[in-house]
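Some notes on the structure that comes next.
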Amino acid sequence: MKIAIVTGAAGGMGRAICARLIADGMHVVGLDIDAHGLAEMAQDGFEAATTDLMDAEAIKATFAQIATKHGGIDALVNNAGTCFMSEFPDIPADEFEQQMKLNFTGAFYCCQKAIKLMAGREGVRKIVNISSNGAYNFDVFDPPHYRASKAALDTLTKDLARRYAHEKIAVNSIAPAMTETPLFGVLSEEVLAKAIAQMPHGRAMQPAEIAAWVGFLISPAGDVSSGNVIILNQGRDVR
Ligand SMILES: NC(=O)c1ccc[n+]([C@@H]2O[C@H](COP(=O)([O-])OP(=O)(O)OC[C@H]3O[C@@H](n4cnc5c(N)ncnc54)[C@H](O)[C@@H]3O)[C@@H](O)[C@H]2O)c1
């Protein structure tokens, strides 16, 4: 059976991605700091690994456990992330550091560990990084440290795609716009209403719609795609 690791598994997008991959026949190891949320997800094909992804040592320990238990992995979805909303030029130093640490640094360390666990596995192995349309659309609300964390993630996507192409490890980013998850809670009602009104279909996207793309990239159909940043936004800002 193929093994996938999904970070931020207990969040809105994470739960949908885990459900998609389990339905597609994979065994999913879900990483999140929210042990209670992970416990709610108990089902066949799902394994919880409570991990603080801002802690490099914790990431190391979790991947070591996965290596011992499963021997290797076939896919990694770096989905954990948040959007801190302080305004430039008054973003506190610790908020900036946390933004980069969760959205970029944690994903970076997970990639380093995952690549090693993918060695010797059959077929094309997959890394999918959940970026954001906010890294590319400068007319929407996203603050600069959030944009920068996602742009860094997408540069990592491209580097690893080239670096590991001959090893048959495919690395892509999915960059969604407004998707209805608990993350909407960081926005004021006014900002949220305006952002949803800008979506061409008149509604936010649903986590399952994003998860379907993750599933597609991880399926054999995705074998030939690597190094791409796939923007999902209903055609809101075509550039
Ligand atoms: N919802 C959107 O509109 C939207 C748009 C673009 C991109 N994204 C991206 O999608 C991804 C998923 O976001 P979501 O909307 O599902 O948000 P969410 O808040 O529902 O989920 C985030 C998950 O990350 C976990 N997490 C937070 N800090 C952690 C830590 N230190 N260690 C481990 N886990 C931690 C949380 O517990 C939570 O389960 C994020 O990377 C986000 O930037 C979301």
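Chain labels run A, B, ... following the order of the structure tokens; each chain numbers its residues from 1, and ligands are numbered from 1 in the order shown.
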
All alpha helix (DSSP H) residues (DSSP, backbone) inside range 85-158 of chain A, as a PyMOL selection string: chain A and resi 93-100+106-118+144-158

Just the residues within 10 Å of Ser219 in chain A, please, counting only C-alpha atoms, with nothing from its chain fewer than 6 positions along; format it as a ChimeraX atom specification. /A:21,24,124-126,213

Residues from last step as file, C-alpha atoms, as a PDB file, in the first residue's frame:
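Once everything was written out, this is out-v6.pdb:
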```pdb
ATOM      1  CA  LEU A  21      -6.102  10.162  -0.471  1.00  0.00           C
ATOM      2  CA  ASP A  24      -7.879   6.767  -3.459  1.00  0.00           C
ATOM      3  CA  VAL A 124       6.825   8.353  -9.495  1.00  0.00           C
ATOM      4  CA  ARG A 125       6.761   9.684  -5.964  1.00  0.00           C
ATOM      5  CA  LYS A 126       5.033  12.993  -5.232  1.00  0.00           C
ATOM      6  CA  TRP A 213      -6.394  18.409  -7.428  1.00  0.00           C
TER       7      TRP A 213
END
```

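Remark: for Ala19 in chain A, the closest of the candidate residues A:Thr179, A:Phe46, A:Phe96, A:Thr7 is A:Phe46 (distances computed over only C-alpha atoms).
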
Could you list, with a cut-off of 8 Å and counting only C-alpha atoms and all ligand atoms, the residues of chain A near ligand 1, each shown with its nearest atom pair and the distance in Å rounded to one decimal, rows sorted by chain and ascending number, as a Markdown table?
```
| residue | atom | partner | partner_atom_place_in_ligand_line | distance |
| --- | --- | --- | --- | --- |
| A:Thr7 | CA | ligand 1 | 34 (N) | 6.6 |
| A:Gly8 | CA | ligand 1 | 24 (O) | 3.7 |
| A:Ala9 | CA | ligand 1 | 39 (O) | 5.8 |
| A:Ala10 | CA | ligand 1 | 39 (O) | 4.0 |
| A:Gly11 | CA | ligand 1 | 39 (O) | 3.2 |
| A:Gly12 | CA | ligand 1 | 16 (O) | 3.8 |
| A:Met13 | CA | ligand 1 | 16 (O) | 3.6 |
| A:Gly14 | CA | ligand 1 | 16 (O) | 5.5 |
| A:Arg15 | CA | ligand 1 | 16 (O) | 7.8 |
| A:Leu31 | CA | ligand 1 | 33 (C) | 6.4 |
| A:Asp32 | CA | ligand 1 | 34 (N) | 3.7 |
| A:Ile33 | CA | ligand 1 | 33 (C) | 3.9 |
| A:Asp34 | CA | ligand 1 | 37 (O) | 4.8 |
| A:Gly37 | CA | ligand 1 | 39 (O) | 7.2 |
| A:Thr50 | CA | ligand 1 | 33 (C) | 7.6 |
| A:Thr51 | CA | ligand 1 | 33 (C) | 5.6 |
| A:Asp52 | CA | ligand 1 | 32 (N) | 3.7 |
| A:Leu53 | CA | ligand 1 | 32 (N) | 3.8 |
| A:Met54 | CA | ligand 1 | 31 (N) | 4.8 |
| A:Asp55 | CA | ligand 1 | 31 (N) | 7.5 |
| A:Asn78 | CA | ligand 1 | 41 (O) | 7.5 |
| A:Asn79 | CA | ligand 1 | 41 (O) | 4.7 |
| A:Ala80 | CA | ligand 1 | 24 (O) | 4.1 |
| A:Gly81 | CA | ligand 1 | 41 (O) | 3.4 |
| A:Thr82 | CA | ligand 1 | 43 (O) | 4.8 |
| A:Cys83 | CA | ligand 1 | 43 (O) | 6.1 |
| A:Leu102 | CA | ligand 1 | 31 (N) | 5.9 |
| A:Asn103 | CA | ligand 1 | 41 (O) | 6.2 |
| A:Ile130 | CA | ligand 1 | 41 (O) | 5.4 |
| A:Ser131 | CA | ligand 1 | 7 (C) | 5.6 |
| A:Ser132 | CA | ligand 1 | 6 (C) | 4.0 |
| A:Asn133 | CA | ligand 1 | 6 (C) | 6.0 |
| A:Gly134 | CA | ligand 1 | 6 (C) | 6.9 |
| A:Tyr146 | CA | ligand 1 | 43 (O) | 7.9 |
| A:Lys150 | CA | ligand 1 | 43 (O) | 7.7 |
| A:Ala175 | CA | ligand 1 | 6 (C) | 6.2 |
| A:Pro176 | CA | ligand 1 | 6 (C) | 4.5 |
| A:Ala177 | CA | ligand 1 | 5 (C) | 4.7 |
| A:Met178 | CA | ligand 1 | 3 (O) | 3.6 |
| A:Thr179 | CA | ligand 1 | 3 (O) | 3.7 |
| A:Glu180 | CA | ligand 1 | 1 (N) | 5.6 |
| A:Thr181 | CA | ligand 1 | 15 (O) | 4.7 |
| A:Pro182 | CA | ligand 1 | 20 (O) | 4.4 |
| A:Leu183 | CA | ligand 1 | 19 (O) | 4.2 |
| A:Phe184 | CA | ligand 1 | 1 (N) | 6.3 |
| A:Ala204 | CA | ligand 1 | 3 (O) | 7.9 |
| A:Met205 | CA | ligand 1 | 3 (O) | 7.9 |
| A:Pro207 | CA | ligand 1 | 16 (O) | 7.4 |
```

Using Å and a single decimal, report how far CA of Lys116 in chain A sits from CA of Gly215 in chain A. 22.1 Å

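Pairwise distance (CA of Gln206 in chain A, CA of Arg20 in chain A) equals 13.0 Å.
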